[in-house]
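Participant: Structure: start17.pdb, PDB, C-alpha atoms.
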```pdb
MODEL        1
ATOM      1  CA  MET A 185      17.454 -33.625  18.117  1.00  0.00           C
ATOM      2  CA  LYS A 186      16.199 -34.398  14.622  1.00  0.00           C
ATOM      3  CA  ARG A 187      13.637 -32.185  12.979  1.00  0.00           C
ATOM      4  CA  THR A 188      10.926 -33.838  11.067  1.00  0.00           C
ATOM      5  CA  LEU A 189       9.503 -32.501   7.850  1.00  0.00           C
ATOM      6  CA  LEU A 190       6.287 -31.664   9.705  1.00  0.00           C
ATOM      7  CA  ASP A 191       8.235 -29.570  12.265  1.00  0.00           C
ATOM      8  CA  ILE A 192       9.912 -27.588   9.476  1.00  0.00           C
ATOM      9  CA  PHE A 193       6.573 -27.062   7.764  1.00  0.00           C
ATOM     10  CA  VAL A 194       4.917 -25.841  10.981  1.00  0.00           C
ATOM     11  CA  VAL A 195       7.761 -23.430  11.760  1.00  0.00           C
ATOM     12  CA  GLY A 196       7.678 -22.123   8.189  1.00  0.00           C
ATOM     13  CA  ALA A 197       3.886 -21.661   8.279  1.00  0.00           C
ATOM     14  CA  LEU A 198       4.126 -19.811  11.610  1.00  0.00           C
ATOM     15  CA  ALA A 199       6.839 -17.535  10.211  1.00  0.00           C
ATOM     16  CA  VAL A 200       4.708 -16.705   7.161  1.00  0.00           C
ATOM     17  CA  MET A 201       1.677 -16.026   9.374  1.00  0.00           C
ATOM     18  CA  ALA A 202       3.740 -13.777  11.655  1.00  0.00           C
ATOM     19  CA  LEU A 203       5.024 -11.861   8.618  1.00  0.00           C
ATOM     20  CA  LEU A 204       1.483 -11.415   7.269  1.00  0.00           C
ATOM     21  CA  VAL A 205       0.176 -10.203  10.628  1.00  0.00           C
ATOM     22  CA  ALA A 206       3.092  -7.760  10.919  1.00  0.00           C
ATOM     23  CA  MET A 207       2.387  -6.463   7.390  1.00  0.00           C
ATOM     24  CA  PHE A 208      -1.302  -5.921   8.116  1.00  0.00           C
ATOM     25  CA  LEU A 209      -0.443  -4.121  11.339  1.00  0.00           C
ATOM     26  CA  LEU A 210       2.291  -1.969   9.782  1.00  0.00           C
ATOM     27  CA  LEU A 211       0.850  -1.157   6.330  1.00  0.00           C
ATOM     28  CA  PRO A 212      -1.821   1.271   7.590  1.00  0.00           C
ATOM     29  CA  TRP A 213       0.902   3.273   9.323  1.00  0.00           C
ATOM     30  CA  LEU A 214       2.876   3.867   6.112  1.00  0.00           C
ATOM     31  CA  ASN A 215       2.467   7.077   4.124  1.00  0.00           C
ATOM     32  CA  TRP A 216       0.302   6.213   1.087  1.00  0.00           C
ATOM     33  CA  SER A 217       0.007   9.815  -0.125  1.00  0.00           C
ATOM     34  CA  ALA A 218       0.632  10.510  -3.807  1.00  0.00           C
ATOM     35  CA  ILE A 219       2.236  13.784  -2.706  1.00  0.00           C
ATOM     36  CA  SER A 220       5.103  12.054  -0.930  1.00  0.00           C
ATOM     37  CA  LYS A 221       8.157  11.162  -2.958  1.00  0.00           C
ATOM     38  CA  PRO A 222       9.070   7.488  -3.080  1.00  0.00           C
ATOM     39  CA  GLY A 223      12.223   6.506  -1.261  1.00  0.00           C
ATOM     40  CA  ARG A 224      15.261   4.970  -2.923  1.00  0.00           C
ATOM     41  CA  ILE A 225      14.374   1.423  -1.830  1.00  0.00           C
ATOM     42  CA  GLU A 226      10.740   1.791  -2.948  1.00  0.00           C
ATOM     43  CA  LYS A 227      11.878   3.132  -6.350  1.00  0.00           C
ATOM     44  CA  ARG A 228      14.331   0.274  -6.812  1.00  0.00           C
ATOM     45  CA  LEU A 229      11.873  -2.449  -5.798  1.00  0.00           C
ATOM     46  CA  ALA A 230       9.049  -1.039  -7.927  1.00  0.00           C
ATOM     47  CA  GLY A 231      11.371  -0.492 -10.876  1.00  0.00           C
ATOM     48  CA  TYR A 232      12.775  -4.006 -10.593  1.00  0.00           C
ATOM     49  CA  ALA A 233       9.340  -5.623 -10.349  1.00  0.00           C
ATOM     50  CA  THR A 234       7.706  -3.691 -13.185  1.00  0.00           C
ATOM     51  CA  SER A 235      10.716  -3.860 -15.516  1.00  0.00           C
ATOM     52  CA  ASN A 236      11.020  -7.606 -15.141  1.00  0.00           C
ATOM     53  CA  TRP A 237       7.264  -8.081 -15.542  1.00  0.00           C
ATOM     54  CA  ILE A 238       7.315  -6.029 -18.754  1.00  0.00           C
ATOM     55  CA  HIS A 239      10.424  -7.757 -20.155  1.00  0.00           C
ATOM     56  CA  ARG A 240       8.956 -11.184 -19.396  1.00  0.00           C
ATOM     57  CA  ASN A 241       5.501 -10.516 -20.884  1.00  0.00           C
ATOM     58  CA  ALA A 242       5.981  -8.022 -23.712  1.00  0.00           C
ATOM     59  CA  GLY A 243       6.311  -9.139 -27.295  1.00  0.00           C
ATOM     60  CA  THR A 244       9.427  -8.516 -29.326  1.00  0.00           C
ATOM     61  CA  GLN A 245       7.559  -7.168 -32.326  1.00  0.00           C
ATOM     62  CA  SER A 246       8.757  -3.978 -33.965  1.00  0.00           C
ATOM     63  CA  ASN A 247       6.211  -1.317 -34.769  1.00  0.00           C
ATOM     64  CA  PRO A 248       4.401  -2.412 -37.949  1.00  0.00           C
ATOM     65  CA  LEU A 249       3.495   1.208 -38.793  1.00  0.00           C
ATOM     66  CA  PRO A 250       6.061   3.116 -40.838  1.00  0.00           C
ATOM     67  CA  PRO A 251       6.670   6.718 -39.727  1.00  0.00           C
ATOM     68  CA  THR A 252       4.734   8.308 -42.595  1.00  0.00           C
ATOM     69  CA  PRO A 253       3.245  11.778 -42.076  1.00  0.00           C
ATOM     70  CA  GLU A 254      -0.249  10.217 -41.977  1.00  0.00           C
ATOM     71  CA  ASN A 255       0.677   7.615 -39.345  1.00  0.00           C
ATOM     72  CA  LEU A 256       2.505  10.219 -37.235  1.00  0.00           C
ATOM     73  CA  LYS A 257      -0.480  12.585 -37.403  1.00  0.00           C
ATOM     74  CA  ALA A 258      -2.884   9.792 -36.356  1.00  0.00           C
ATOM     75  CA  GLY A 259      -0.512   8.719 -33.568  1.00  0.00           C
ATOM     76  CA  GLN A 260      -0.172  12.308 -32.370  1.00  0.00           C
ATOM     77  CA  SER A 261      -3.940  12.733 -32.334  1.00  0.00           C
ATOM     78  CA  ASP A 262      -4.482   9.551 -30.299  1.00  0.00           C
ATOM     79  CA  PHE A 263      -1.594  10.448 -27.983  1.00  0.00           C
ATOM     80  CA  GLU A 264      -3.005  13.912 -27.351  1.00  0.00           C
ATOM     81  CA  GLU A 265      -6.465  12.481 -26.684  1.00  0.00           C
ATOM     82  CA  HIS A 266      -5.435   9.648 -24.371  1.00  0.00           C
ATOM     83  CA  CYS A 267      -1.912  10.316 -23.061  1.00  0.00           C
ATOM     84  CA  ALA A 268      -1.056  14.031 -23.048  1.00  0.00           C
ATOM     85  CA  GLY A 269      -3.214  14.786 -20.014  1.00  0.00           C
ATOM     86  CA  CYS A 270      -0.679  12.964 -17.865  1.00  0.00           C
ATOM     87  CA  HIS A 271       2.484  12.859 -19.979  1.00  0.00           C
ATOM     88  CA  GLY A 272       2.201  16.364 -21.476  1.00  0.00           C
ATOM     89  CA  LEU A 273       1.905  17.282 -25.147  1.00  0.00           C
ATOM     90  CA  GLU A 274       5.695  17.013 -25.472  1.00  0.00           C
ATOM     91  CA  GLY A 275       5.963  13.790 -23.440  1.00  0.00           C
ATOM     92  CA  ASP A 276       7.861  15.688 -20.756  1.00  0.00           C
ATOM     93  CA  GLY A 277       5.800  14.348 -17.840  1.00  0.00           C
ATOM     94  CA  GLU A 278       4.267  17.768 -17.137  1.00  0.00           C
ATOM     95  CA  ASN A 279       0.684  16.708 -16.498  1.00  0.00           C
ATOM     96  CA  ARG A 280      -2.226  18.999 -17.250  1.00  0.00           C
ATOM     97  CA  PHE A 281      -3.905  18.151 -13.961  1.00  0.00           C
ATOM     98  CA  GLU A 282      -1.374  20.052 -11.858  1.00  0.00           C
ATOM     99  CA  ALA A 283      -1.395  17.010  -9.607  1.00  0.00           C
ATOM    100  CA  ASP A 284       1.195  14.875  -7.869  1.00  0.00           C
ATOM    101  CA  PHE A 285       1.646  11.269  -8.919  1.00  0.00           C
ATOM    102  CA  ASN A 286       3.500   8.580  -7.010  1.00  0.00           C
ATOM    103  CA  PRO A 287       5.387   7.141  -8.733  1.00  0.00           C
ATOM    104  CA  PRO A 288       6.081  10.228 -10.841  1.00  0.00           C
ATOM    105  CA  ILE A 289       4.907  10.291 -14.448  1.00  0.00           C
ATOM    106  CA  PRO A 290       7.777   9.210 -16.701  1.00  0.00           C
ATOM    107  CA  LYS A 291       9.232  11.498 -19.328  1.00  0.00           C
ATOM    108  CA  LEU A 292       8.607   9.765 -22.623  1.00  0.00           C
ATOM    109  CA  THR A 293      11.565  11.545 -24.211  1.00  0.00           C
ATOM    110  CA  GLY A 294      13.998  10.168 -21.621  1.00  0.00           C
ATOM    111  CA  GLY A 295      14.384   6.682 -20.211  1.00  0.00           C
ATOM    112  CA  ALA A 296      11.161   5.457 -21.833  1.00  0.00           C
ATOM    113  CA  GLN A 297      12.950   5.603 -25.192  1.00  0.00           C
ATOM    114  CA  LYS A 298      15.109   2.655 -24.049  1.00  0.00           C
ATOM    115  CA  TRP A 299      12.087   0.316 -24.103  1.00  0.00           C
ATOM    116  CA  SER A 300      11.557  -1.703 -27.270  1.00  0.00           C
ATOM    117  CA  ASP A 301       8.513  -1.062 -29.458  1.00  0.00           C
ATOM    118  CA  GLY A 302       6.939  -4.287 -28.186  1.00  0.00           C
ATOM    119  CA  GLU A 303       7.508  -3.240 -24.568  1.00  0.00           C
ATOM    120  CA  LEU A 304       6.008   0.214 -25.139  1.00  0.00           C
ATOM    121  CA  TYR A 305       3.022  -1.391 -26.844  1.00  0.00           C
ATOM    122  CA  PHE A 306       2.627  -3.790 -23.906  1.00  0.00           C
ATOM    123  CA  ILE A 307       2.704  -0.909 -21.395  1.00  0.00           C
ATOM    124  CA  VAL A 308       0.120   1.162 -23.300  1.00  0.00           C
ATOM    125  CA  ALA A 309      -2.120  -1.847 -23.951  1.00  0.00           C
ATOM    126  CA  ASN A 310      -2.007  -3.296 -20.422  1.00  0.00           C
ATOM    127  CA  GLY A 311      -1.179  -0.377 -18.152  1.00  0.00           C
ATOM    128  CA  ILE A 312       0.733  -0.776 -14.903  1.00  0.00           C
ATOM    129  CA  ALA A 313      -1.127  -1.359 -11.655  1.00  0.00           C
ATOM    130  CA  MET A 314      -0.777   1.186  -8.840  1.00  0.00           C
ATOM    131  CA  THR A 315       0.958   3.774 -11.070  1.00  0.00           C
ATOM    132  CA  ALA A 316      -2.085   5.546 -12.582  1.00  0.00           C
ATOM    133  CA  MET A 317      -1.037   4.143 -15.990  1.00  0.00           C
ATOM    134  CA  PRO A 318      -4.258   2.751 -17.477  1.00  0.00           C
ATOM    135  CA  GLY A 319      -4.453  -0.039 -20.015  1.00  0.00           C
ATOM    136  CA  PHE A 320      -5.954   0.788 -23.416  1.00  0.00           C
ATOM    137  CA  GLY A 321      -5.841  -2.661 -25.025  1.00  0.00           C
ATOM    138  CA  LYS A 322      -9.430  -3.733 -24.354  1.00  0.00           C
ATOM    139  CA  ASN A 323     -11.090  -0.661 -25.840  1.00  0.00           C
ATOM    140  CA  HIS A 324      -8.683   0.433 -28.560  1.00  0.00           C
ATOM    141  CA  ASP A 325      -7.602  -1.044 -31.854  1.00  0.00           C
ATOM    142  CA  PRO A 326      -3.993  -2.313 -31.978  1.00  0.00           C
ATOM    143  CA  LYS A 327      -3.324   0.105 -34.858  1.00  0.00           C
ATOM    144  CA  GLU A 328      -4.194   3.029 -32.553  1.00  0.00           C
ATOM    145  CA  ILE A 329      -1.804   1.753 -29.897  1.00  0.00           C
ATOM    146  CA  TRP A 330       0.970   1.245 -32.450  1.00  0.00           C
ATOM    147  CA  GLY A 331       0.303   4.812 -33.638  1.00  0.00           C
ATOM    148  CA  ILE A 332       0.746   6.078 -30.080  1.00  0.00           C
ATOM    149  CA  VAL A 333       4.032   4.145 -29.822  1.00  0.00           C
ATOM    150  CA  LEU A 334       5.117   5.672 -33.144  1.00  0.00           C
ATOM    151  CA  TRP A 335       4.369   9.178 -31.826  1.00  0.00           C
ATOM    152  CA  MET A 336       6.123   8.435 -28.512  1.00  0.00           C
ATOM    153  CA  ARG A 337       9.258   7.561 -30.470  1.00  0.00           C
ATOM    154  CA  HIS A 338       8.902  10.728 -32.536  1.00  0.00           C
ATOM    155  CA  LEU A 339       8.616  12.952 -29.424  1.00  0.00           C
ATOM    156  CA  ALA A 340      12.329  12.461 -28.746  1.00  0.00           C
ATOM    157  CA  GLN A 341      13.213  13.868 -32.167  1.00  0.00           C
ATOM    158  CA  LEU A 342      10.743  16.707 -32.733  1.00  0.00           C
ATOM    159  CA  SER A 343      11.817  19.271 -35.313  1.00  0.00           C
ATOM    160  CA  PRO A 344      11.974  22.909 -34.129  1.00  0.00           C
ATOM    161  CA  PRO A 345       8.710  23.794 -35.976  1.00  0.00           C
ATOM    162  CA  GLU A 346       6.931  20.753 -34.455  1.00  0.00           C
ATOM    163  CA  LYS A 347       8.215  21.665 -31.002  1.00  0.00           C
ATOM    164  CA  GLU A 348       7.079  25.293 -31.382  1.00  0.00           C
ATOM    165  CA  ALA A 349       3.603  24.220 -32.555  1.00  0.00           C
ATOM    166  CA  ILE A 350       3.241  21.938 -29.522  1.00  0.00           C
ATOM    167  CA  GLU A 351       4.554  24.608 -27.130  1.00  0.00           C
ATOM    168  CA  SER A 352       2.061  27.077 -28.616  1.00  0.00           C
ATOM    169  CA  ARG A 353      -0.823  24.642 -28.019  1.00  0.00           C
ATOM    170  CA  THR A 354       0.471  24.026 -24.487  1.00  0.00           C
ATOM    171  CA  ARG A 355       0.424  27.773 -23.760  1.00  0.00           C
ATOM    172  CA  MET A 356      -3.075  28.035 -25.226  1.00  0.00           C
ATOM    173  CA  THR A 357      -4.464  25.173 -23.135  1.00  0.00           C
ATOM    174  CA  THR A 358      -2.765  26.570 -20.014  1.00  0.00           C
ATOM    175  CA  GLU A 359      -4.373  29.969 -20.625  1.00  0.00           C
ATOM    176  CA  GLN A 360      -7.765  28.323 -21.208  1.00  0.00           C
ATOM    177  CA  HIS A 361      -7.368  26.358 -17.977  1.00  0.00           C
ATOM    178  CA  GLU A 362      -6.442  29.466 -15.986  1.00  0.00           C
ATOM    179  CA  LYS A 363      -9.409  31.373 -17.418  1.00  0.00           C
ATOM    180  CA  MET A 364     -11.786  28.514 -16.575  1.00  0.00           C
ATOM    181  CA  MET A 365     -10.434  28.329 -13.015  1.00  0.00           C
ATOM    182  CA  LYS A 366     -10.871  32.083 -12.497  1.00  0.00           C
ATOM    183  CA  GLU A 367     -14.464  31.872 -13.750  1.00  0.00           C
ATOM    184  CA  ALA A 368     -15.202  28.898 -11.504  1.00  0.00           C
ATOM    185  CA  HIS A 369     -13.625  30.505  -8.419  1.00  0.00           C
ATOM    186  CA  PRO A 370     -13.982  34.310  -8.694  1.00  0.00           C
TER     187      PRO A 370
ENDMDL
END
```
Would you mind giving the structure from this file in structure tokens?
Facilitator:
Amino acid sequence: MKRTLLDIFVVGALAVMALLVAMFLLLPWLNWSAISKPGRIEKRLAGYATSNWIHRNAGTQSNPLPPTPENLKAGQSDFEEHCAGCHGLEGDGENRFEADFNPPIPKLTGGAQKWSDGELYFIVANGIAMTAMPGFGKNHDPKEIWGIVLWMRHLAQLSPPEKEAIESRTRMTTEQHEKMMKEAHP
């Protein structure tokens, strides 16, 4: 029996519809909690999709800002204002919210250093959907974003005095947070 093109199309359309119905029936039963840890397959699929999206869409430009003390200070200031709440003052992924994120917040001193400057800029400017990573490109000047990228690069090579100054500020903000929480909930 020969199959016509219309028969193949109908069978294909029915298969797609059955898959969509199954997804809509199964998706509400999955665990969507940010507290749960993603499984190996979920990590791989999400990593594959986002990495390829970033590689395909990010520019290849190197950071136009040289690592002068002024540019690093401006980048650090913008990073601390916009990024440190989630990524930590040291870029270690220790968020100030004491909250769980799924996927986990990346350590900017680890694997994130493998991204090119253009890719890091793209991530900061556009964000990544369903990861809690917001996009800053619409409301921030490109120079600010390049400054953040400059500081992100510098986080992996902090001098001992820089690291101690940041750790001191981290302790201070932690103490302030604990004091505020005690006052709010005596």
Participant: On this structure, which residues satisfy the PyMOL selection byres ((chain A and resi 271) around 12), written as a CSV table (one decimal) with C-alpha atoms, in the coordinates of the input?
Facilitator:
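The resulting selection_22.csv:
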```csv
chain,number,residue,atom,x,y,z
A,263,PHE,CA,-1.6,10.4,-28.0
A,264,GLU,CA,-3.0,13.9,-27.4
A,265,GLU,CA,-6.5,12.5,-26.7
A,266,HIS,CA,-5.4,9.6,-24.4
A,267,CYS,CA,-1.9,10.3,-23.1
A,268,ALA,CA,-1.1,14.0,-23.0
A,269,GLY,CA,-3.2,14.8,-20.0
A,270,CYS,CA,-0.7,13.0,-17.9
A,272,GLY,CA,2.2,16.4,-21.5
A,273,LEU,CA,1.9,17.3,-25.1
A,274,GLU,CA,5.7,17.0,-25.5
A,275,GLY,CA,6.0,13.8,-23.4
A,276,ASP,CA,7.9,15.7,-20.8
A,277,GLY,CA,5.8,14.3,-17.8
A,278,GLU,CA,4.3,17.8,-17.1
A,279,ASN,CA,0.7,16.7,-16.5
A,280,ARG,CA,-2.2,19.0,-17.2
A,281,PHE,CA,-3.9,18.2,-14.0
A,282,GLU,CA,-1.4,20.1,-11.9
A,283,ALA,CA,-1.4,17.0,-9.6
A,285,PHE,CA,1.6,11.3,-8.9
A,288,PRO,CA,6.1,10.2,-10.8
A,289,ILE,CA,4.9,10.3,-14.4
A,290,PRO,CA,7.8,9.2,-16.7
A,291,LYS,CA,9.2,11.5,-19.3
A,292,LEU,CA,8.6,9.8,-22.6
A,293,THR,CA,11.6,11.5,-24.2
A,294,GLY,CA,14.0,10.2,-21.6
A,296,ALA,CA,11.2,5.5,-21.8
A,316,ALA,CA,-2.1,5.5,-12.6
A,317,MET,CA,-1.0,4.1,-16.0
A,336,MET,CA,6.1,8.4,-28.5
A,339,LEU,CA,8.6,13.0,-29.4
```
Participant: For atom CA of A:Gly295 and atom CA of A:Ala340, quote the distance in Å rounded to one decimal.
Facilitator: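 Distance reported for this atom pair: 10.5 Å.
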Participant: So which residues touch stretch 298-304 of chain A within 8 Å, counting all atoms listed in the file, skipping near sequence neighbours fewer than 3 positions away, as a short mmCIF file (atom, residue, chain, number, x, y, z; two decimals) with C-alpha atoms, in the coordinates of the input?
Facilitator:
```cif
data_model
loop_
_atom_site.label_atom_id
_atom_site.label_comp_id
_atom_site.auth_asym_id
_atom_site.auth_seq_id
_atom_site.Cartn_x
_atom_site.Cartn_y
_atom_site.Cartn_z
CA ILE A 238 7.32 -6.03 -18.75
CA HIS A 239 10.42 -7.76 -20.16
CA ALA A 242 5.98 -8.02 -23.71
CA GLY A 243 6.31 -9.14 -27.30
CA THR A 244 9.43 -8.52 -29.33
CA GLN A 245 7.56 -7.17 -32.33
CA SER A 246 8.76 -3.98 -33.97
CA ASN A 247 6.21 -1.32 -34.77
CA GLY A 294 14.00 10.17 -21.62
CA GLY A 295 14.38 6.68 -20.21
CA ILE A 307 2.70 -0.91 -21.40
CA VAL A 308 0.12 1.16 -23.30
CA VAL A 333 4.03 4.14 -29.82
#
```
Participant: Near stretch 253-256 of chain A, counting all atoms listed in the file, which residues have an atom at most 8 Å away, once you skip same-chain residues fewer than 4 positions from it, shown as a ChimeraX atom specification?
Facilitator: /A:249,260,331,334-335,338
Participant: Can you tell me which residues surround A:Gly223 at a distance of at most 12 Å, considering only C-alpha atoms, apart from same-chain residues fewer than 4 positions away, and format the answer as a ChimeraX atom specification?
Facilitator: /A:215,227-231,286-288
Participant: Which residue gives the smallest distance to A:Arg337 among A:Glu367, A:Trp216, A:Pro251, A:Thr357, with all atoms listed in the file counted?
Facilitator: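 Nearest to A:Arg337: A:Pro251.
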Participant: Restricted to N, CA and C atoms, what does stretch 293-317 of chain A look like when written out as a compact mmCIF listing (two decimals), in the first residue's frame?
Facilitator:
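Result saved to decode_3.txt:
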```txt
# COMPACT_ATOMS: atom_id res chain seq x y z
N THR A 293 33.79 33.38 39.04
CA THR A 293 35.23 33.15 39.07
C THR A 293 35.59 31.77 38.53
N GLY A 294 34.59 30.99 38.17
CA GLY A 294 34.80 29.63 37.68
C GLY A 294 34.58 29.54 36.18
N GLY A 295 33.61 28.70 35.82
CA GLY A 295 33.33 28.43 34.41
C GLY A 295 32.93 29.65 33.60
N ALA A 296 32.37 30.67 34.26
CA ALA A 296 31.97 31.88 33.53
C ALA A 296 33.17 32.59 32.91
N GLN A 297 34.36 32.35 33.45
CA GLN A 297 35.56 32.99 32.90
C GLN A 297 35.92 32.44 31.51
N LYS A 298 35.33 31.30 31.14
CA LYS A 298 35.60 30.71 29.82
C LYS A 298 34.87 31.44 28.70
N TRP A 299 33.80 32.19 29.05
CA TRP A 299 33.05 32.93 28.04
C TRP A 299 33.91 34.08 27.52
N SER A 300 33.73 34.44 26.27
CA SER A 300 34.44 35.59 25.71
C SER A 300 33.84 36.87 26.27
N ASP A 301 34.55 37.98 26.10
CA ASP A 301 34.01 39.27 26.54
C ASP A 301 32.67 39.57 25.88
N GLY A 302 32.59 39.31 24.57
CA GLY A 302 31.34 39.55 23.84
C GLY A 302 30.20 38.71 24.36
N GLU A 303 30.49 37.46 24.74
CA GLU A 303 29.45 36.57 25.28
C GLU A 303 29.00 37.04 26.66
N LEU A 304 29.95 37.45 27.50
CA LEU A 304 29.58 37.97 28.82
C LEU A 304 28.73 39.23 28.67
N TYR A 305 29.13 40.10 27.76
CA TYR A 305 28.36 41.32 27.52
C TYR A 305 26.94 40.96 27.09
N PHE A 306 26.82 40.01 26.16
CA PHE A 306 25.52 39.57 25.66
C PHE A 306 24.65 39.05 26.80
N ILE A 307 25.22 38.25 27.69
CA ILE A 307 24.47 37.69 28.81
C ILE A 307 23.98 38.80 29.73
N VAL A 308 24.86 39.73 30.10
CA VAL A 308 24.47 40.82 31.00
C VAL A 308 23.44 41.72 30.33
N ALA A 309 23.63 42.02 29.06
CA ALA A 309 22.72 42.92 28.35
C ALA A 309 21.35 42.31 28.12
N ASN A 310 21.30 41.01 27.80
CA ASN A 310 20.04 40.38 27.42
C ASN A 310 19.40 39.51 28.49
N GLY A 311 20.19 39.06 29.46
CA GLY A 311 19.67 38.13 30.45
C GLY A 311 19.42 36.76 29.83
N ILE A 312 18.96 35.84 30.67
CA ILE A 312 18.64 34.49 30.20
C ILE A 312 17.30 34.10 30.80
N ALA A 313 16.34 33.86 29.95
CA ALA A 313 14.98 33.53 30.40
C ALA A 313 14.98 32.30 31.31
N MET A 314 14.09 32.33 32.29
CA MET A 314 13.83 31.24 33.22
C MET A 314 15.06 30.85 34.06
N THR A 315 15.98 31.80 34.28
CA THR A 315 17.14 31.53 35.14
C THR A 315 17.27 32.57 36.24
N ALA A 316 16.42 33.57 36.25
CA ALA A 316 16.49 34.72 37.17
C ALA A 316 17.57 35.70 36.76
N MET A 317 18.25 35.47 35.62
CA MET A 317 19.26 36.41 35.14
C MET A 317 18.55 37.47 34.31
```
